[in-house]
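> Could you have a look at this structure, given as structure tokens, before my questions?
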Amino acid sequence: MKGLLSSITVRHWSILGIFNLVLVAVFGLLMRSAVIFPQTWFNQKYIMHAHSHFAFSGWISHMLMVLMVMVVLNKKPTDCLSKKYQLLIGANMLASYGMLFCFSWQGYGRYSIIFSTLTILLSYVFVGMLWHAISRSMLSLLVRKWFRAALLFLLLSSIGTFYLAYLQATHNVDGNKQLSAVYFFLHFQYNGWFFFSCMGLWHHWLASRQIEVTGGPVLYQVFVWACAPVYLLSVLWMELPIGLYVILALAVLGQNLSWFYWLKGLLRQISWGKDKTSLWLGGVLLCILLAISLKLLLQAVALVPAFRDLTYSFRPIVVGYLHLVLLGIITLFILVFLFLNDVVRETQWTKWAMVLFIVGIVGNELLLLVQGLSGMQGIYIPHLPMGLMLAALLLFLSLALLWASTVRSLRKE
């Protein structure tokens, strides 16, 4: 075991992470195909839980841990991380596979809860280890702030999980409380741990190119203080006191203003050069920036009562929003960051894989939007489930191509 861990590099961990993303896509395709071709050999709800839990732990959290440690310890893609991080990341990976299997087998049962709890406890260890490492690092002050806020939000998100477990243990069937606990976890994972980690990684890359974007510190301050109030967006279906509603509106407005001010400065200062590789990655980055801008604008639209009620009443709209963040922002950024830092080698096949992946994301989002809007109007549009299955198939094929290409390029070294 010791010899194995000492030979696993950042690039190896990343390729394993991409393989896990392929598994996430497999489970997504399985759920979409079951709508058209009903299956009796698996439980749809169990597969959904396995899909979501593994996406969070086995793909996103795994990759953020690897990349943050790489940046903080100033490691190269071909370097191995220090032993304690190798052990921690390996343990998280085993616990993630345990969740994938157990949730598929029994849903929320004894063993799946054990593995889920283990991933949370391991995240606590990770926070403690990396917090001290950040203090000793040579990172810029702004990058350290983004990283530390991400770690704090990672801790905070677990409160939702434990509160939900408490409600279930005490047989509390209050649907509002249970849903609020789930959304608490999701919010501080998506908008806290995931987003702040990615922003820290992005600002580190900018700093490595001597690019200082106007409004960077302001953007951080606004987002860190607005993160908690913006959670109220997730529970707007509960009648909020006018005071809390005003605080929420100010937080959403502050995020939009600071983001677009920072984005304007970024687009003015960043230069991708004249080579095709840089321009290609720049195009993908623009897609991510567009997705973040769309997300923030949608949050502002959700404040309008007429749109708010419709938004939370139709599942395709909710699923589309979550996938916009998970796939169009977080996953795309992680993949771009791998290319930017030469963790994953750029080849013609990997470029095609990324293009097809983006097409799959856009197709999935548009179909979910059409499904949600048609549902609001009480209109049935045939073949939408088939379209969603084909979009899921394209996502799977593109990611499988990306993984196979990265493995092939690794073997040529």
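Please note that chains go A, B, ... in the order of the structure tokens, that every chain numbers its residues from 1, and that ligands are numbered from 1 in the order shown.
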As a PyMOL selection string, please: the residues near Ser258 in chain A (cut-off 8 Å, only C-alpha atoms, same-chain neighbours under 6 positions excluded).

chain A and resi 215+218-219+222

> Keeping only C-alpha atoms, write the selected residues as a PDB file, in the first residue's frame.


```
ATOM      1  CA  GLY A 215     -12.345  44.454  -8.267  1.00  0.00           C
ATOM      2  CA  VAL A 218     -14.295  43.488  -3.605  1.00  0.00           C
ATOM      3  CA  LEU A 219     -15.670  40.423  -5.401  1.00  0.00           C
ATOM      4  CA  VAL A 222     -19.220  40.594  -1.387  1.00  0.00           C
TER       5      VAL A 222
END
```

> With the cut-off set at 10 Å and counting only C-alpha atoms, tabulate each residue of range 104-220 of chain A with an atom at most that distance from an atom of range 47-68 of chain A, showing the nearest atom pair and its distance in Å to one decimal, ordered by chain and increasing number, as a tab-separated table.


```
residue	atom	partner	partner_atom	distance
A:Ser104	CA	A:Ile47	CA	5.1
A:Trp105	CA	A:Ile47	CA	8.4
A:Gln106	CA	A:Ile47	CA	9.6
A:Gly107	CA	A:His49	CA	6.7
A:Tyr108	CA	A:His49	CA	8.1
A:Ser112	CA	A:Ala50	CA	9.2
A:Ser116	CA	A:His53	CA	8.1
A:Thr119	CA	A:Ser57	CA	7.4
A:Ile120	CA	A:Ser57	CA	9.3
A:Ser123	CA	A:Ser61	CA	8.9
A:Phe126	CA	A:Met65	CA	8.0
A:Val127	CA	A:Met65	CA	9.7
A:Leu130	CA	A:Met68	CA	8.5
A:Ile134	CA	A:Met68	CA	9.7
A:Phe147	CA	A:Met68	CA	8.1
A:Leu154	CA	A:Ser61	CA	9.7
A:Leu186	CA	A:Phe56	CA	9.8
A:Gln189	CA	A:Phe56	CA	8.5
A:Tyr190	CA	A:Phe56	CA	9.4
A:Trp193	CA	A:Ser61	CA	8.7
A:Phe194	CA	A:Ile60	CA	7.6
A:Ser197	CA	A:Leu64	CA	6.9
A:Cys198	CA	A:Leu64	CA	7.8
A:Gly200	CA	A:Met68	CA	8.6
A:Leu201	CA	A:Met68	CA	7.1
```

> Filtering to C-alpha atoms, could you give me those residues as a tab-separated table (two decimals), in the first residue's frame?


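So the final result, stored in again_11.tsv, reads:
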```tsv
chain	number	residue	atom	x	y	z
A	104	SER	CA	-27.26	1.79	-5.46
A	105	TRP	CA	-27.98	-1.31	-3.39
A	106	GLN	CA	-30.01	-0.04	-0.44
A	107	GLY	CA	-30.64	3.69	-0.83
A	108	TYR	CA	-30.46	5.46	2.52
A	112	SER	CA	-24.57	4.00	2.82
A	116	SER	CA	-21.46	9.09	3.75
A	119	THR	CA	-16.61	11.25	3.77
A	120	ILE	CA	-17.78	14.10	6.01
A	123	SER	CA	-13.44	16.40	4.95
A	126	PHE	CA	-8.76	17.77	5.14
A	127	VAL	CA	-9.86	21.20	6.36
A	130	LEU	CA	-4.92	22.31	4.48
A	134	ILE	CA	-2.17	27.53	3.55
A	147	PHE	CA	-9.36	28.85	-0.16
A	154	LEU	CA	-17.30	22.88	3.47
A	186	LEU	CA	-26.57	21.78	-1.38
A	189	GLN	CA	-21.57	22.87	-1.27
A	190	TYR	CA	-22.43	24.47	-4.63
A	193	TRP	CA	-17.13	24.88	-1.07
A	194	PHE	CA	-17.25	24.31	-4.84
A	197	SER	CA	-12.40	26.64	-4.30
A	198	CYS	CA	-12.68	27.21	-8.05
A	200	GLY	CA	-9.19	30.41	-5.49
A	201	LEU	CA	-7.70	28.14	-8.16
```

> Quick one: residues within 12 Å of Tyr85 in chain A, only C-alpha atoms counted, chain neighbours fewer than 2 positions away excluded, as a PyMOL selection string?

chain A and resi 5-6+8-10+13+62+65-70+72-73+80-83+87-92+122-123+125-130+133

> Please provide the set of residues having any atom within 9 Å of Leu303 in chain A, restricted to only C-alpha atoms, with same-chain residues fewer than 3 positions apart removed, written as a list in words.

Leu233, Leu236, Tyr245, Leu248, Ala249, Val252, Leu298, Gln299, Ala300, Ala306, Phe307 and Arg308 of chain A

> Please write the residues from the selection above to a file, keeping C-alpha atoms, as a short mmCIF file (atom, residue, chain, number, x, y, z; two decimals), in the first residue's frame.


```
data_model
loop_
_atom_site.label_atom_id
_atom_site.label_comp_id
_atom_site.auth_asym_id
_atom_site.auth_seq_id
_atom_site.Cartn_x
_atom_site.Cartn_y
_atom_site.Cartn_z
CA LEU A 233 -33.25 31.67 -2.14
CA LEU A 236 -38.40 31.10 -0.71
CA TYR A 245 -36.37 39.25 2.11
CA LEU A 248 -31.65 38.47 0.49
CA ALA A 249 -32.39 40.99 -2.25
CA VAL A 252 -28.25 38.93 -4.69
CA LEU A 298 -31.51 33.66 -12.61
CA GLN A 299 -31.07 34.18 -8.88
CA ALA A 300 -32.21 37.78 -9.32
CA ALA A 306 -44.47 35.41 -10.05
CA PHE A 307 -41.33 33.64 -11.26
CA ARG A 308 -40.45 32.34 -7.78
#
```

> Could you jot down the CA of Leu155 in chain A to CA of Tyr97 in chain A separation for me, Å, one decimal place?

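Calculated distance between CA of Leu155 in chain A and CA of Tyr97 in chain A is 21.6 Å.
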
> Just the residues within 12 Å of range 29-43 of chain A, please, counting only C-alpha atoms, with nothing from its chain fewer than 6 positions along; format it as a PyMOL selection string.

chain A and resi 22-23+49-52+103-107+364+382-397

> Write a file of the selected residues as a compact mmCIF listing (two decimals), in the first residue's frame, keeping C-alpha atoms.


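result-v6.txt was written with the following content:
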```
# COMPACT_ATOMS: atom_id res chain seq x y z
CA VAL A 22 -17.59 8.94 -16.44
CA LEU A 23 -19.30 6.77 -13.80
CA HIS A 49 -28.92 9.02 -4.58
CA ALA A 50 -25.82 7.12 -5.72
CA HIS A 51 -25.44 9.46 -8.71
CA SER A 52 -25.61 12.66 -6.67
CA PHE A 103 -26.68 3.78 -2.26
CA SER A 104 -27.26 1.79 -5.46
CA TRP A 105 -27.98 -1.31 -3.39
CA GLN A 106 -30.01 -0.04 -0.44
CA GLY A 107 -30.64 3.69 -0.83
CA ASN A 364 -29.49 19.04 -21.66
CA PRO A 382 -43.59 14.26 -27.14
CA HIS A 383 -40.08 12.83 -27.38
CA LEU A 384 -38.59 15.17 -24.74
CA PRO A 385 -37.56 12.17 -22.58
CA MET A 386 -35.84 10.69 -25.63
CA GLY A 387 -34.02 13.98 -26.23
CA LEU A 388 -32.85 14.09 -22.61
CA MET A 389 -31.62 10.51 -22.90
CA LEU A 390 -29.66 11.37 -26.04
CA ALA A 391 -28.14 14.39 -24.29
CA ALA A 392 -27.12 12.12 -21.40
CA LEU A 393 -25.66 9.66 -23.91
CA LEU A 394 -23.62 12.45 -25.52
CA LEU A 395 -22.32 13.54 -22.10
CA PHE A 396 -21.27 9.97 -21.35
CA LEU A 397 -19.59 9.40 -24.74
```

> Work out how far apart CA of Gly283 in chain A and CA of Val355 in chain A are and give it in Å to one decimal.

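Between CA of Gly283 in chain A and CA of Val355 in chain A the gap is 10.1 Å.
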
> To one decimal place in Å, what is the distance between CA of Ser398 in chain A and CA of Leu410 in chain A?

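Between CA of Ser398 in chain A and CA of Leu410 in chain A the gap is 18.4 Å.
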